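Below: one structure, written as structure tokens.
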Amino acid sequence: MKNIMPVLLAGLLSACNSATDPDVKRHFINDDQPHPLVVLLGGSEGGNTLAKPHFHSLLDSFHKHGMSVATLAYFGTPGTPSRQISLSLDDIATRISKLADDPRINSNCIAVYGFSKGAELALLLAAHFEHINHAVAVMPSHVSWNAVKTVSSQPGWQLEQTPLPYVNAPLISWSMQKGLVTGTYTPAFKSALDNADTETLHAARIPVEKTNGPVLLVSAKQDEIWPSHAMANNIIDSLEQASFAYSYDHIELPGGHYSFNRETQAQVNQFLTNTLVKQCQ
């Protein structure tokens, strides 16, 4: 597991081609009982990377804790948009609802579990749709960003047919292009946050405090892709200021963007066992 976990956190500028992957993979428990559903969302590599055979052991780990799981592509597969531009949160939430309609699923207990760009998506979904009542965000963001892999600035998401405001970290910039050489893109995202005005930051902020259930964040103190640790702390501050009614936690990893490992996954599974399996009815 340790050898494959870094692949889960493909960087925001990954060029992985997953066009032949399925739009969704269901890995449900078949015991004639409804179980909670965990929906996995990959990063900016697109496609449905987590549906690949070498992630089967990861999917099985949820079954051991009484959770069914599905991996969901949101762009880059035959049945999804080719690029991450103005992706409809409503459409993605509807697809999750349809997964939960399966009699093997307890539709009252749905968690979204995203990695990197997928963490941004997971927090947006949980904040805006009541039927999604748990969120796990690995290497998260507290704001919406521009669409990935686009030369011109484009919104990444839309809600009710309206593009969401975003902070722009342009692909064609000295700090971003420098990252292609150094492998470090965090300065580009820090600069974008520092240069954004207060109105932009407020408009782009993900209202995580509106989530209808527990929230778990996992960040890296030496994140080389984007400042996940600082952004996760920003989310925690928002939850504290809002006197968030549900449980929340922040796992702070000492390494970089790809430091998520077997031990961290065990912590995530324990959090979901306590909040999704044991408490959600």
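Ordering of the structure tokens sets the chain letters (A, B, ...), residue numbers begin anew at 1 in every chain, and ligands are numbered from 1 in the order given.
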Practice item. Skip Val69 in chain A itself and residues of its chain fewer than 6 positions away, then list as an NGL selection string all residues within 9 Å of it, counting only C-alpha atoms. Key: :A and (25-29 or 36-40 or 59-60 or 62-63)
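Residues surrounding range 245-250 of chain A within 8 Å are Asn212, Gly213, Pro214, Val215, Leu216, Leu217, Val218, Ser219, Ala232 and Ile236 of chain A [only C-alpha atoms; sequence separation below 5 positions excluded].
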Go ahead and write the residues just picked, C-alpha atoms, as a PDB file, in the first residue's frame.
ATOM      1  CA  ASN A 212     -24.294  18.576   7.134  1.00  0.00           C
ATOM      2  CA  GLY A 213     -21.939  16.283   9.046  1.00  0.00           C
ATOM      3  CA  PRO A 214     -18.371  15.550  10.194  1.00  0.00           C
ATOM      4  CA  VAL A 215     -15.289  16.794   8.335  1.00  0.00           C
ATOM      5  CA  LEU A 216     -11.776  15.323   8.291  1.00  0.00           C
ATOM      6  CA  LEU A 217      -8.801  17.126   6.766  1.00  0.00           C
ATOM      7  CA  VAL A 218      -5.387  15.650   5.960  1.00  0.00           C
ATOM      8  CA  SER A 219      -2.609  18.059   5.002  1.00  0.00           C
ATOM      9  CA  ALA A 232      -6.487  23.269   6.016  1.00  0.00           C
ATOM     10  CA  ILE A 236     -10.346  24.702  10.789  1.00  0.00           C
TER      11      ILE A 236
END
Exercise for review: Name the residues of range 11-255 of chain A that come out as strand (DSSP E) in a backbone DSSP run; write them as a ChimeraX atom specification.
Suggested key: /A:24-27,35-41,68-72,87-88,105-115,134-138,157-159,162-163,215-220,248-253
Exercise for review: Name the residues of range 79-163 of chain A that come out as alpha helix (DSSP H) in a backbone DSSP run; write them as a ChimeraX atom specification.
Suggested key: /A:89-100,117-128
With N, CA, C and O atoms retained, export the selected residues as an mmCIF file, in the first residue's frame.
data_model
loop_
_atom_site.group_PDB
_atom_site.id
_atom_site.type_symbol
_atom_site.label_atom_id
_atom_site.label_comp_id
_atom_site.auth_asym_id
_atom_site.auth_seq_id
_atom_site.Cartn_x
_atom_site.Cartn_y
_atom_site.Cartn_z
ATOM 1 N N LEU A 89 -21.447 21.083 -10.237
ATOM 2 C CA LEU A 89 -21.557 20.396 -8.955
ATOM 3 C C LEU A 89 -22.904 19.694 -8.839
ATOM 4 O O LEU A 89 -23.001 18.624 -8.243
ATOM 5 N N ASP A 90 -23.931 20.299 -9.425
ATOM 6 C CA ASP A 90 -25.261 19.691 -9.384
ATOM 7 C C ASP A 90 -25.255 18.329 -10.074
ATOM 8 O O ASP A 90 -25.840 17.362 -9.567
ATOM 9 N N ASP A 91 -24.602 18.245 -11.226
ATOM 10 C CA ASP A 91 -24.563 16.981 -11.961
ATOM 11 C C ASP A 91 -23.801 15.911 -11.176
ATOM 12 O O ASP A 91 -24.213 14.744 -11.132
ATOM 13 N N ILE A 92 -22.683 16.320 -10.573
ATOM 14 C CA ILE A 92 -21.891 15.361 -9.805
ATOM 15 C C ILE A 92 -22.674 14.880 -8.586
ATOM 16 O O ILE A 92 -22.688 13.683 -8.261
ATOM 17 N N ALA A 93 -23.357 15.803 -7.910
ATOM 18 C CA ALA A 93 -24.165 15.437 -6.740
ATOM 19 C C ALA A 93 -25.301 14.501 -7.133
ATOM 20 O O ALA A 93 -25.648 13.573 -6.381
ATOM 21 N N THR A 94 -25.885 14.717 -8.310
ATOM 22 C CA THR A 94 -26.950 13.843 -8.791
ATOM 23 C C THR A 94 -26.419 12.441 -9.058
ATOM 24 O O THR A 94 -27.082 11.434 -8.753
ATOM 25 N N ARG A 95 -25.233 12.353 -9.618
ATOM 26 C CA ARG A 95 -24.630 11.042 -9.868
ATOM 27 C C ARG A 95 -24.399 10.306 -8.553
ATOM 28 O O ARG A 95 -24.588 9.085 -8.464
ATOM 29 N N ILE A 96 -24.007 11.027 -7.513
ATOM 30 C CA ILE A 96 -23.809 10.413 -6.202
ATOM 31 C C ILE A 96 -25.146 9.940 -5.635
ATOM 32 O O ILE A 96 -25.251 8.851 -5.049
ATOM 33 N N SER A 97 -26.188 10.752 -5.821
ATOM 34 C CA SER A 97 -27.523 10.354 -5.356
ATOM 35 C C SER A 97 -27.973 9.055 -6.016
ATOM 36 O O SER A 97 -28.568 8.186 -5.364
ATOM 37 N N LYS A 98 -27.698 8.919 -7.310
ATOM 38 C CA LYS A 98 -28.094 7.709 -8.022
ATOM 39 C C LYS A 98 -27.343 6.490 -7.498
ATOM 40 O O LYS A 98 -27.896 5.386 -7.414
ATOM 41 N N LEU A 99 -26.068 6.686 -7.130
ATOM 42 C CA LEU A 99 -25.321 5.593 -6.512
ATOM 43 C C LEU A 99 -25.977 5.173 -5.199
ATOM 44 O O LEU A 99 -26.074 3.982 -4.881
ATOM 45 N N ALA A 100 -26.445 6.170 -4.450
ATOM 46 C CA ALA A 100 -27.042 5.900 -3.139
ATOM 47 C C ALA A 100 -28.427 5.294 -3.241
ATOM 48 O O ALA A 100 -28.969 4.801 -2.237
ATOM 49 N N LYS A 117 -7.098 18.009 -5.924
ATOM 50 C CA LYS A 117 -8.206 18.696 -6.595
ATOM 51 C C LYS A 117 -9.529 18.046 -6.220
ATOM 52 O O LYS A 117 -10.559 18.729 -6.100
ATOM 53 N N GLY A 118 -9.521 16.749 -6.027
ATOM 54 C CA GLY A 118 -10.718 16.056 -5.575
ATOM 55 C C GLY A 118 -11.116 16.433 -4.160
ATOM 56 O O GLY A 118 -12.288 16.330 -3.787
ATOM 57 N N ALA A 119 -10.154 16.870 -3.340
ATOM 58 C CA ALA A 119 -10.462 17.356 -1.994
ATOM 59 C C ALA A 119 -11.220 18.674 -2.075
ATOM 60 O O ALA A 119 -12.167 18.912 -1.313
ATOM 61 N N GLU A 120 -10.793 19.534 -2.995
ATOM 62 C CA GLU A 120 -11.523 20.780 -3.249
ATOM 63 C C GLU A 120 -12.966 20.463 -3.632
ATOM 64 O O GLU A 120 -13.914 21.065 -3.109
ATOM 65 N N LEU A 121 -13.131 19.494 -4.545
ATOM 66 C CA LEU A 121 -14.465 19.092 -4.983
ATOM 67 C C LEU A 121 -15.265 18.494 -3.829
ATOM 68 O O LEU A 121 -16.456 18.805 -3.660
ATOM 69 N N ALA A 122 -14.652 17.641 -3.030
ATOM 70 C CA ALA A 122 -15.363 17.003 -1.920
ATOM 71 C C ALA A 122 -15.920 18.039 -0.949
ATOM 72 O O ALA A 122 -17.076 17.948 -0.507
ATOM 73 N N LEU A 123 -15.121 19.041 -0.623
ATOM 74 C CA LEU A 123 -15.572 20.067 0.315
ATOM 75 C C LEU A 123 -16.688 20.914 -0.289
ATOM 76 O O LEU A 123 -17.632 21.313 0.420
ATOM 77 N N LEU A 124 -16.604 21.183 -1.587
ATOM 78 C CA LEU A 124 -17.676 21.932 -2.255
ATOM 79 C C LEU A 124 -18.984 21.138 -2.241
ATOM 80 O O LEU A 124 -20.056 21.683 -1.949
ATOM 81 N N LEU A 125 -18.908 19.857 -2.567
ATOM 82 C CA LEU A 125 -20.107 19.021 -2.583
ATOM 83 C C LEU A 125 -20.743 18.937 -1.197
ATOM 84 O O LEU A 125 -21.967 19.089 -1.041
ATOM 85 N N ALA A 126 -19.926 18.696 -0.194
ATOM 86 C CA ALA A 126 -20.448 18.557 1.164
ATOM 87 C C ALA A 126 -21.055 19.865 1.673
ATOM 88 O O ALA A 126 -22.024 19.858 2.438
ATOM 89 N N ALA A 127 -20.504 20.983 1.236
ATOM 90 C CA ALA A 127 -20.992 22.283 1.695
ATOM 91 C C ALA A 127 -22.309 22.676 1.042
ATOM 92 O O ALA A 127 -23.095 23.437 1.620
ATOM 93 N N HIS A 128 -22.568 22.164 -0.157
ATOM 94 C CA HIS A 128 -23.725 22.642 -0.921
ATOM 95 C C HIS A 128 -24.869 21.638 -1.066
ATOM 96 O O HIS A 128 -25.952 22.020 -1.534
#
Check your understanding: A:Ile105, A:Ala73, A:Leu50, A:Val148: which is nearest Asn30 in chain A, counting only C-alpha atoms?
Key -> A:Ile105
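For the atom pair formed by CA of Gly156 in chain A and CA of Pro254 in chain A, the distance is 29.3 Å, given to one decimal.
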Revision key, fill the gap. With distances taken over only C-alpha atoms, the candidate from A:Gln222, A:Gln241, A:Ser107, A:Thr198 nearest Gln281 in chain A is A:Ser107
Residues at most 10 Å from Phe189 in chain A, counting only C-alpha atoms, excluding those fewer than 6 positions away in the same chain, as a PDB file with N, CA, C and O atoms, in the first residue's frame?
ATOM      1  N   TRP A 145     -10.455  27.165  -6.984  1.00  0.00           N
ATOM      2  CA  TRP A 145      -9.387  27.643  -7.862  1.00  0.00           C
ATOM      3  C   TRP A 145      -9.844  27.607  -9.315  1.00  0.00           C
ATOM      4  O   TRP A 145     -10.870  27.008  -9.649  1.00  0.00           O
ATOM      5  N   VAL A 167     -10.055  31.806  -7.050  1.00  0.00           N
ATOM      6  CA  VAL A 167      -8.739  32.443  -6.999  1.00  0.00           C
ATOM      7  C   VAL A 167      -7.950  31.925  -8.190  1.00  0.00           C
ATOM      8  O   VAL A 167      -7.940  30.719  -8.453  1.00  0.00           O
ATOM      9  N   ASN A 168      -7.295  32.820  -8.899  1.00  0.00           N
ATOM     10  CA  ASN A 168      -6.604  32.448 -10.127  1.00  0.00           C
ATOM     11  C   ASN A 168      -5.114  32.232  -9.885  1.00  0.00           C
ATOM     12  O   ASN A 168      -4.412  33.131  -9.438  1.00  0.00           O
ATOM     13  N   ALA A 169      -4.657  31.015 -10.149  1.00  0.00           N
ATOM     14  CA  ALA A 169      -3.226  30.695 -10.145  1.00  0.00           C
ATOM     15  C   ALA A 169      -2.879  30.323 -11.581  1.00  0.00           C
ATOM     16  O   ALA A 169      -2.999  29.156 -11.972  1.00  0.00           O
ATOM     17  N   PRO A 170      -2.506  31.297 -12.400  1.00  0.00           N
ATOM     18  CA  PRO A 170      -2.370  31.048 -13.847  1.00  0.00           C
ATOM     19  C   PRO A 170      -1.285  30.035 -14.186  1.00  0.00           C
ATOM     20  O   PRO A 170      -0.217  30.022 -13.588  1.00  0.00           O
ATOM     21  N   SER A 175       6.212  31.760 -11.752  1.00  0.00           N
ATOM     22  CA  SER A 175       6.288  30.871 -10.588  1.00  0.00           C
ATOM     23  C   SER A 175       5.743  29.483 -10.909  1.00  0.00           C
ATOM     24  O   SER A 175       6.263  28.478 -10.433  1.00  0.00           O
ATOM     25  N   MET A 176       4.692  29.400 -11.739  1.00  0.00           N
ATOM     26  CA  MET A 176       4.145  28.097 -12.094  1.00  0.00           C
ATOM     27  C   MET A 176       5.077  27.357 -13.054  1.00  0.00           C
ATOM     28  O   MET A 176       5.318  26.156 -12.905  1.00  0.00           O
ATOM     29  N   ASN A 195      -1.936  37.764  -3.509  1.00  0.00           N
ATOM     30  CA  ASN A 195      -2.276  38.851  -4.426  1.00  0.00           C
ATOM     31  C   ASN A 195      -3.769  39.032  -4.625  1.00  0.00           C
ATOM     32  O   ASN A 195      -4.208  40.036  -5.193  1.00  0.00           O
ATOM     33  N   ILE A 225       3.065  20.943  -3.766  1.00  0.00           N
ATOM     34  CA  ILE A 225       2.128  21.187  -4.861  1.00  0.00           C
ATOM     35  C   ILE A 225       1.289  22.439  -4.606  1.00  0.00           C
ATOM     36  O   ILE A 225       1.198  23.328  -5.455  1.00  0.00           O
ATOM     37  N   TRP A 226       0.666  22.504  -3.448  1.00  0.00           N
ATOM     38  CA  TRP A 226       0.007  23.740  -3.028  1.00  0.00           C
ATOM     39  C   TRP A 226      -0.010  23.772  -1.506  1.00  0.00           C
ATOM     40  O   TRP A 226       0.268  22.744  -0.860  1.00  0.00           O
ATOM     41  N   PRO A 227      -0.274  24.925  -0.879  1.00  0.00           N
ATOM     42  CA  PRO A 227      -0.113  25.047   0.582  1.00  0.00           C
ATOM     43  C   PRO A 227      -1.260  24.403   1.351  1.00  0.00           C
ATOM     44  O   PRO A 227      -2.048  25.079   2.021  1.00  0.00           O
TER      45      PRO A 227
END
Review point. Of the candidates A:Ile172, A:Val136, A:Ala111, A:Val143, which shows the shortest atom-to-atom distance to Ser238 in chain A, using only C-alpha atoms?
Key: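 Among A:Ile172, A:Val136, A:Ala111, A:Val143, it is A:Val143 that comes nearest to Ser238 in chain A.
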Review point. Counting only C-alpha atoms, what is within 9 Å of Ser228 in chain A, bar same-chain residues fewer than 5 positions away, as a PyMOL selection string?
Key: chain A and resi 116+138-142+186+218-223+233+257
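Shell of Gln84 in chain A at 9 Å, with only C-alpha atoms counted and residues fewer than 3 places along the chain excluded, is A:Ser44, A:Gly46, A:Tyr74, A:Phe75, A:Gly76, A:Pro81, A:Leu87, A:Ala147, A:Val148, A:Lys149, A:Thr150, A:Pro155, A:Gly156, A:Trp157.
Between CA of Phe244 in chain A and CA of Ile206 in chain A lies a distance of 14.4 Å.
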Check your understanding: So how far away is CA of Ser68 in chain A from CA of Arg104 in chain A, in Å?
Key ->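 Those two atoms sit 8.3 Å apart.
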